[in-house]
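Below: the structure, in structure tokens.
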Amino acid sequence: MTGPESERDVEQRTPPADVSWALHRMMVAAAVMDVTLGQRLGLNSADYQAMKHLMTSEDPLGTVELGALVGLTSGSATGLVDRLEHAGHLVRHRDPHDRRRLILQPTSEAIERVRSEIQPLIDRLDELLAPYSNGERELLARFLHDATDVYRSYDRRDPTKKDAGPRSADALPGE
């Protein structure tokens, strides 16, 4: 083979499916890490997921939006928010653009506690990235941002289509 790529380079290239499954396995490992982190913070699964959404959301979230993200009804979401506020994990503020709306914000103490718990993980990931060139890190970051968009678009699939979720054991195909 001529050109910048040798035959060996082409043979050793990882098929896209392998990368996709590696990413999926990483997401599963991250879910396990979430359970551990939630336990270390003394939060049940729903409370931890809610705080995770509040700490990573690009837009301010209200109770209804937060409830939808963690799969709760509005009444249950209100109970969750009350519990997190009472425990000192979040505060409610009036939305400056819509005074009727309350937005939720993690407290600085909650943010600092999470940071201190995940700092060893961040340090290990930084060590893992150290041997990569700036260009390689930029490529990895671009892939992860693009993959995040794919995951988010999956979440926004057409709600009018029937969900292909779990079926009962005695259901026949096509039922």
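Following the order of the structure tokens, first chain is A, next is B, and so on, with residues numbered from 1 inside each chain and ligands from 1 in the order they appear.
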>> With DSSP run on the backbone, what are the helix (DSSP H, G or I) residues within range 1-164 of chain A? I'd like them as a PyMOL selection string.
In response: chain A and resi 7-12+16-40+45-56+63-70+74-86+108-129+134-155
> Looking only at the backbone, which of the residues in range 35-164 of chain A does DSSP tag as strand (DSSP E), as a list in words?
Replying inline: Leu90, Val91, Arg92, His93, Arg94, Asp95, Asp98, Arg99, Arg100, Arg101, Leu102, Ile103, Leu104, Gln105 and Pro106 of chain A
Those same residues, written as a short mmCIF file (atom, residue, chain, number, x, y, z; two decimals), in the first residue's frame with N, CA and C atoms?
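After the write, again_32.cif holds the following:
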```
data_model
loop_
_atom_site.label_atom_id
_atom_site.label_comp_id
_atom_site.auth_asym_id
_atom_site.auth_seq_id
_atom_site.Cartn_x
_atom_site.Cartn_y
_atom_site.Cartn_z
N LEU A 90 -29.35 21.99 48.06
CA LEU A 90 -29.76 22.94 47.04
C LEU A 90 -30.58 24.06 47.64
N VAL A 91 -30.70 25.13 46.87
CA VAL A 91 -31.55 26.26 47.24
C VAL A 91 -32.43 26.59 46.05
N ARG A 92 -33.58 27.20 46.35
CA ARG A 92 -34.50 27.64 45.29
C ARG A 92 -34.37 29.15 45.16
N HIS A 93 -34.37 29.60 43.91
CA HIS A 93 -34.30 31.04 43.62
C HIS A 93 -35.37 31.39 42.61
N ARG A 94 -35.83 32.63 42.65
CA ARG A 94 -36.72 33.12 41.60
C ARG A 94 -35.94 33.23 40.30
N ASP A 95 -36.54 32.79 39.21
CA ASP A 95 -35.93 32.92 37.90
C ASP A 95 -35.93 34.40 37.53
N ASP A 98 -38.38 34.99 34.67
CA ASP A 98 -39.79 34.67 34.90
C ASP A 98 -40.00 34.56 36.40
N ARG A 99 -40.43 35.63 37.02
CA ARG A 99 -40.54 35.69 38.48
C ARG A 99 -41.50 34.66 39.06
N ARG A 100 -42.35 34.06 38.23
CA ARG A 100 -43.28 33.03 38.73
C ARG A 100 -42.57 31.69 38.91
N ARG A 101 -41.45 31.53 38.25
CA ARG A 101 -40.74 30.26 38.22
C ARG A 101 -39.62 30.23 39.25
N LEU A 102 -39.48 29.08 39.91
CA LEU A 102 -38.35 28.86 40.82
C LEU A 102 -37.32 27.99 40.12
N ILE A 103 -36.06 28.38 40.24
CA ILE A 103 -34.98 27.55 39.71
C ILE A 103 -34.18 26.99 40.87
N LEU A 104 -33.59 25.86 40.62
CA LEU A 104 -32.86 25.13 41.66
C LEU A 104 -31.37 25.28 41.43
N GLN A 105 -30.65 25.46 42.53
CA GLN A 105 -29.20 25.63 42.43
C GLN A 105 -28.52 24.84 43.54
N PRO A 106 -27.50 24.05 43.19
CA PRO A 106 -26.76 23.34 44.24
C PRO A 106 -26.06 24.35 45.14
#
```
>> List as a list in words the protein and nucleic acid residues near Asp34 in chain A, meaning an atom at most 10 Å away when only C-alpha atoms are counted, but skip any in the same chain fewer than 6 places from it.
In response: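 The neighbour list is Val28, Arg40, Ser45, Tyr48, Gln49 and Lys52 of chain A.
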Restricting the output to C-alpha atoms, write the selected residues as a short mmCIF file (atom, residue, chain, number, x, y, z; two decimals), in the first residue's frame.
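Saved result, out.cif, follows:
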```
data_model
loop_
_atom_site.label_atom_id
_atom_site.label_comp_id
_atom_site.auth_asym_id
_atom_site.auth_seq_id
_atom_site.Cartn_x
_atom_site.Cartn_y
_atom_site.Cartn_z
CA VAL A 28 -21.70 1.35 32.56
CA ARG A 40 -20.34 8.33 49.86
CA SER A 45 -30.14 7.04 43.86
CA TYR A 48 -27.91 11.72 43.65
CA GLN A 49 -29.16 11.71 40.05
CA LYS A 52 -25.88 15.35 39.23
#
```
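With only C-alpha atoms as the atoms that count, the minimum distance from Glu117 in chain A to the choices A:Arg25, A:Pro16, A:Leu41, A:Pro96 is reached by A:Leu41.
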> Could you state the separation of CA of Asp123 in chain A and CA of Trp21 in chain A in Å, given to one decimal place?
Replying inline: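 Calculated distance between CA of Asp123 in chain A and CA of Trp21 in chain A is 24.8 Å.
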>> Would you pick out the contacts of Thr63 in chain A at 12 Å or less, using only C-alpha atoms, so that residues sharing its chain but fewer than 3 positions from it are not included, and give the list as a PyMOL selection string?
In response: chain A and resi 50-51+53-54+60+66-82+84-85+90-93+101-105
> Which residue out of A:Gly135, A:Tyr154, A:Gly62, A:His89 has the minimum interatomic distance to Glu112 in chain A when only C-alpha atoms are used?
Replying inline: A:His89
